file start19.pdb (PDB, C-alpha atoms)
ATOM      1  CA  MET A   1       1.360 -12.094 -26.366
ATOM      2  CA  LEU A   2       4.260 -11.140 -24.135
ATOM      3  CA  GLU A   3       2.363  -8.437 -22.196
ATOM      4  CA  PRO A   4      -0.286 -10.746 -20.634
ATOM      5  CA  PHE A   5       2.444 -13.229 -19.652
ATOM      6  CA  LEU A   6       4.495 -10.474 -17.977
ATOM      7  CA  PHE A   7       1.410  -9.086 -16.257
ATOM      8  CA  PHE A   8       0.555 -12.445 -14.689
ATOM      9  CA  LEU A   9       4.211 -13.104 -13.823
ATOM     10  CA  PHE A  10       4.485  -9.805 -11.960
ATOM     11  CA  ALA A  11       1.086 -10.362 -10.335
ATOM     12  CA  VAL A  12       2.261 -13.719  -8.971
ATOM     13  CA  LEU A  13       5.520 -12.128  -7.782
ATOM     14  CA  ALA A  14       3.551  -9.395  -5.995
ATOM     15  CA  VAL A  15       1.348 -11.950  -4.221
ATOM     16  CA  VAL A  16       4.357 -14.104  -3.275
ATOM     17  CA  GLY A  17       6.174 -11.032  -1.939
ATOM     18  CA  ALA A  18       3.128  -9.964   0.089
ATOM     19  CA  LEU A  19       2.750 -13.442   1.579
ATOM     20  CA  GLY A  20       6.488 -13.572   2.345
ATOM     21  CA  MET A  21       6.195 -10.215   4.091
ATOM     22  CA  LEU A  22       3.318 -11.460   6.238
ATOM     23  CA  ILE A  23       4.863 -14.834   7.075
ATOM     24  CA  SER A  24       8.412 -13.660   7.790
ATOM     25  CA  ARG A  25       9.324 -13.449  11.473
ATOM     26  CA  ASN A  26      12.367 -11.200  11.016
ATOM     27  CA  PRO A  27      11.416  -7.517  10.478
ATOM     28  CA  VAL A  28      14.333  -6.861   8.094
ATOM     29  CA  GLN A  29      13.423  -9.866   5.944
ATOM     30  CA  SER A  30       9.800  -8.728   6.018
ATOM     31  CA  ALA A  31      10.855  -5.279   4.767
ATOM     32  CA  LEU A  32      12.859  -6.884   1.943
ATOM     33  CA  TRP A  33       9.816  -8.949   0.924
ATOM     34  CA  MET A  34       7.871  -5.701   0.858
ATOM     35  CA  VAL A  35      10.501  -4.183  -1.464
ATOM     36  CA  MET A  36       9.986  -7.130  -3.804
ATOM     37  CA  THR A  37       6.235  -6.552  -3.711
ATOM     38  CA  LEU A  38       6.640  -2.843  -4.457
ATOM     39  CA  PHE A  39       8.917  -3.569  -7.414
ATOM     40  CA  ALA A  40       6.437  -6.129  -8.769
ATOM     41  CA  VAL A  41       3.605  -3.580  -8.478
ATOM     42  CA  ALA A  42       5.766  -1.020 -10.313
ATOM     43  CA  CYS A  43       6.327  -3.558 -13.090
ATOM     44  CA  LEU A  44       2.563  -4.129 -13.217
ATOM     45  CA  TYR A  45       2.102  -0.410 -13.783
ATOM     46  CA  LEU A  46       4.686  -0.502 -16.535
ATOM     47  CA  THR A  47       2.916  -3.374 -18.296
ATOM     48  CA  LEU A  48      -0.284  -1.279 -18.197
ATOM     49  CA  ASN A  49       1.492   1.653 -19.939
ATOM     50  CA  ALA A  50       1.426   3.834 -16.808
ATOM     51  CA  GLN A  51       5.106   4.718 -16.899
ATOM     52  CA  PHE A  52       4.882   7.767 -14.636
ATOM     53  CA  ILE A  53       3.132   5.880 -11.836
ATOM     54  CA  GLY A  54       5.554   2.944 -12.213
ATOM     55  CA  VAL A  55       8.610   5.170 -11.904
ATOM     56  CA  VAL A  56       7.111   7.077  -8.969
ATOM     57  CA  GLN A  57       6.323   3.726  -7.310
ATOM     58  CA  ILE A  58       9.986   2.738  -7.531
ATOM     59  CA  LEU A  59      11.429   6.114  -6.524
ATOM     60  CA  VAL A  60       9.076   7.006  -3.690
ATOM     61  CA  TYR A  61       7.897   3.737  -2.203
ATOM     62  CA  ALA A  62      10.608   1.195  -2.987
ATOM     63  CA  GLY A  63      13.281   3.850  -2.515
ATOM     64  CA  ALA A  64      12.543   6.487   0.086
ATOM     65  CA  ILE A  65       9.794   4.880   2.169
ATOM     66  CA  MET A  66      11.535   1.515   2.464
ATOM     67  CA  VAL A  67      14.822   3.171   3.470
ATOM     68  CA  LEU A  68      12.867   4.962   6.186
ATOM     69  CA  PHE A  69      11.294   1.669   7.312
ATOM     70  CA  LEU A  70      14.678  -0.033   7.470
ATOM     71  CA  PHE A  71      16.172   2.852   9.466
ATOM     72  CA  VAL A  72      13.290   2.653  11.959
ATOM     73  CA  ILE A  73      13.640  -1.119  12.241
ATOM     74  CA  MET A  74      17.367  -0.831  12.887
ATOM     75  CA  LEU A  75      16.977   2.174  15.210
ATOM     76  CA  LEU A  76      14.422   0.395  17.396
ATOM     77  CA  ASN A  77      16.504  -2.802  17.320
ATOM     78  CA  LEU A  78      13.457  -4.960  16.714
ATOM     79  CA  GLU A  79      13.846  -8.664  17.190
ATOM     80  CA  ALA A  80      11.822 -11.456  15.679
ATOM     81  CA  THR A  81       8.121 -11.061  16.332
ATOM     82  CA  PRO A  82       6.846 -13.105  19.254
ATOM     83  CA  ARG A  83       4.678 -16.140  18.656
ATOM     84  CA  LEU A  84       1.009 -15.618  19.239
ATOM     85  CA  GLY A  85      -0.674 -17.606  21.943
ATOM     86  CA  GLY A  86      -3.912 -19.443  21.399
ATOM     87  CA  LEU A  87      -6.503 -17.228  19.795
ATOM     88  CA  ASP A  88      -9.640 -16.684  21.779
ATOM     89  CA  TRP A  89     -12.852 -17.440  19.896
ATOM     90  CA  LYS A  90     -14.236 -14.051  20.954
ATOM     91  CA  LYS A  91     -11.388 -12.274  19.187
ATOM     92  CA  GLY A  92     -11.998 -14.351  16.054
ATOM     93  CA  VAL A  93     -15.708 -13.513  16.033
ATOM     94  CA  ALA A  94     -14.929  -9.824  16.651
ATOM     95  CA  PHE A  95     -12.480  -9.831  13.744
ATOM     96  CA  VAL A  96     -14.998 -11.443  11.362
ATOM     97  CA  LEU A  97     -17.735  -9.013  12.425
ATOM     98  CA  GLY A  98     -15.369  -6.061  12.024
ATOM     99  CA  VAL A  99     -14.437  -7.143   8.497
ATOM    100  CA  ALA A 100     -18.124  -7.635   7.654
ATOM    101  CA  VAL A 101     -19.024  -4.136   8.898
ATOM    102  CA  LEU A 102     -16.101  -2.650   6.961
ATOM    103  CA  ALA A 103     -17.216  -4.463   3.787
ATOM    104  CA  GLN A 104     -20.774  -3.159   4.225
ATOM    105  CA  LEU A 105     -19.500   0.392   4.709
ATOM    106  CA  LEU A 106     -17.383   0.152   1.577
ATOM    107  CA  VAL A 107     -20.315  -1.177  -0.466
ATOM    108  CA  ILE A 108     -22.589   1.597   0.785
ATOM    109  CA  LEU A 109     -19.924   4.215   0.094
ATOM    110  CA  SER A 110     -19.290   2.920  -3.428
ATOM    111  CA  LEU A 111     -23.015   2.847  -4.188
ATOM    112  CA  ARG A 112     -23.449   6.325  -2.746
ATOM    113  CA  LEU A 113     -20.629   7.749  -4.832
ATOM    114  CA  ASN A 114     -21.770   5.810  -7.905
ATOM    115  CA  ALA A 115     -18.245   4.543  -8.436
ATOM    116  CA  ALA A 116     -18.922   2.589 -11.610
ATOM    117  CA  PRO A 117     -15.741   2.641 -13.700
ATOM    118  CA  THR A 118     -15.989   4.126 -17.161
ATOM    119  CA  LEU A 119     -13.586   3.364 -19.969
ATOM    120  CA  LEU A 120     -11.954   6.297 -21.685
ATOM    121  CA  PRO A 121     -10.912   6.329 -25.325
ATOM    122  CA  ALA A 122      -7.182   5.786 -25.839
ATOM    123  CA  ALA A 123      -6.461   9.442 -26.686
ATOM    124  CA  GLU A 124      -8.235  10.722 -23.552
ATOM    125  CA  ALA A 125      -6.589   8.047 -21.397
ATOM    126  CA  ALA A 126      -3.123   9.070 -22.590
ATOM    127  CA  ASP A 127      -3.952  12.731 -21.962
ATOM    128  CA  ALA A 128      -5.315  11.952 -18.481
ATOM    129  CA  THR A 129      -2.055  10.274 -17.414
ATOM    130  CA  SER A 130       0.236  13.163 -18.321
ATOM    131  CA  VAL A 131       2.236  14.579 -15.438
ATOM    132  CA  GLU A 132       0.749  18.057 -15.855
ATOM    133  CA  ASN A 133      -2.838  16.788 -15.720
ATOM    134  CA  LEU A 134      -2.114  14.506 -12.746
ATOM    135  CA  GLY A 135      -0.579  17.389 -10.796
ATOM    136  CA  LEU A 136      -3.423  19.716 -11.684
ATOM    137  CA  ALA A 137      -6.043  17.168 -10.607
ATOM    138  CA  LEU A 138      -4.223  16.406  -7.339
ATOM    139  CA  LEU A 139      -3.851  20.031  -6.329
ATOM    140  CA  THR A 140      -7.328  21.229  -7.388
ATOM    141  CA  GLU A 141     -10.018  18.521  -7.370
ATOM    142  CA  HIS A 142      -8.393  16.219  -4.807
ATOM    143  CA  ALA A 143      -6.598  18.763  -2.592
ATOM    144  CA  PHE A 144      -8.827  18.068   0.418
ATOM    145  CA  SER A 145      -8.247  14.307   0.138
ATOM    146  CA  LEU A 146      -4.514  14.916  -0.118
ATOM    147  CA  GLU A 147      -4.578  17.027   3.062
ATOM    148  CA  ILE A 148      -6.571  14.370   4.935
ATOM    149  CA  ILE A 149      -4.061  11.704   3.932
ATOM    150  CA  GLY A 150      -1.227  13.946   5.127
ATOM    151  CA  VAL A 151      -2.871  14.456   8.530
ATOM    152  CA  LEU A 152      -3.550  10.718   8.898
ATOM    153  CA  LEU A 153       0.066   9.868   8.067
ATOM    154  CA  LEU A 154       1.281  12.462  10.578
ATOM    155  CA  ALA A 155      -0.992  11.018  13.285
ATOM    156  CA  ALA A 156       0.213   7.488  12.521
ATOM    157  CA  THR A 157       3.850   8.609  12.717
ATOM    158  CA  ILE A 158       3.323  10.354  16.060
ATOM    159  CA  GLY A 159       1.498   7.294  17.417
ATOM    160  CA  ALA A 160       4.281   4.949  16.294
ATOM    161  CA  VAL A 161       6.936   7.118  17.929
ATOM    162  CA  LEU A 162       4.975   7.294  21.195
ATOM    163  CA  LEU A 163       4.414   3.528  21.224
ATOM    164  CA  ALA A 164       8.098   2.847  20.553
ATOM    165  CA  LYS A 165       9.143   5.347  23.229
ATOM    166  CA  LYS A 166       6.984   3.680  25.901
ATOM    167  CA  ARG A 167       8.667   0.345  25.252
ATOM    168  CA  PHE A 168      12.136   1.584  26.246
ATOM    169  CA  VAL A 169      11.166   3.716  29.277
TER     170      VAL A 169
END

call {"tool": "encode", "arguments": {"input": "start19.pdb", "output": "structure tokens"}}
result
Amino acid sequence: MLEPFLFFLFAVLAVVGALGMLISRNPVQSALWMVMTLFAVACLYLTLNAQFIGVVQILVYAGAIMVLFLFVIMLLNLEATPRLGGLDWKKGVAFVLGVAVLAQLLVILSLRLNAAPTLLPAAEAADATSVENLGLALLTEHAFSLEIIGVLLLAATIGAVLLAKKRFV
């Protein structure tokens, strides 16, 4: 009886933290809202008996990544985000069409990959979440995906540094 209550409590906290992150004008406050969201997601993992993923969520994302974000925010001396002017109707239509095309691509991709979830028995599910099996699956079956994610993160980092550098020159 306590587990469903905690799950919904942490789900609400995650949504509130995400909305606070989006609404906040101050970048440091926005980063702190994101920390709250990451902790709530880690607690959601813990309520679902995924202890390894919950602990990794706290150590890697709420710890290391957020410290990096805060250092970048303080290094660039970012101020409050500027207010947006009136939105043009063309930009609104372009945004809606872009989201619609993205949704169609995701539906086609999920149908193509036949991504219907299957439930595992409890013994197989516990075995599938062991650290050894997760590492083996990441470095054998999903190695190419892991490399692609690494290259995308590197490209995003280089782009962010170049954009920040242009601002001060």

call {"tool": "residues_around", "arguments": {"input": "start19.pdb", "residues": "segment 46-59 of chain A", "least_positions_apart": "4", "cutoff": "9 Å", "atoms": "all atoms listed in the file", "output": "ChimeraX atom specification"}}
result
/A:3-4,6-7,38-39,41-42,63-65,129-131

call {"tool": "resolve_selection", "arguments": {"input": "start19.pdb", "expression": "the PyMOL selection byres ((chain A and resi 18) around 10)", "output": "PyMOL selection string"}}
result
chain A and resi 12-17+19-23+30+33-38

call {"tool": "atom_distance", "arguments": {"input": "start19.pdb", "atom1": "atom CA of Val28 of chain A", "atom2": "atom CA of Met74 of chain A"}}
result
8.3 Å

call {"tool": "atom_distance", "arguments": {"input": "start19.pdb", "atom1": "atom CA of Glu132 of chain A", "atom2": "atom CA of Leu146 of chain A"}}
result
16.9 Å

call {"tool": "residues_near_point", "arguments": {"input": "start19.pdb", "point": "(11.8, 2.4, 9.1)", "cutoff": "12 Å", "atoms": "all atoms listed in the file", "output": "ChimeraX atom specification"}}
result
/A:27-28,30-32,63-78,157,160-161

call {"tool": "atom_distance", "arguments": {"input": "start19.pdb", "atom1": "atom CA of Trp89 of chain A", "atom2": "atom CA of Ala156 of chain A"}}
result
29.1 Å
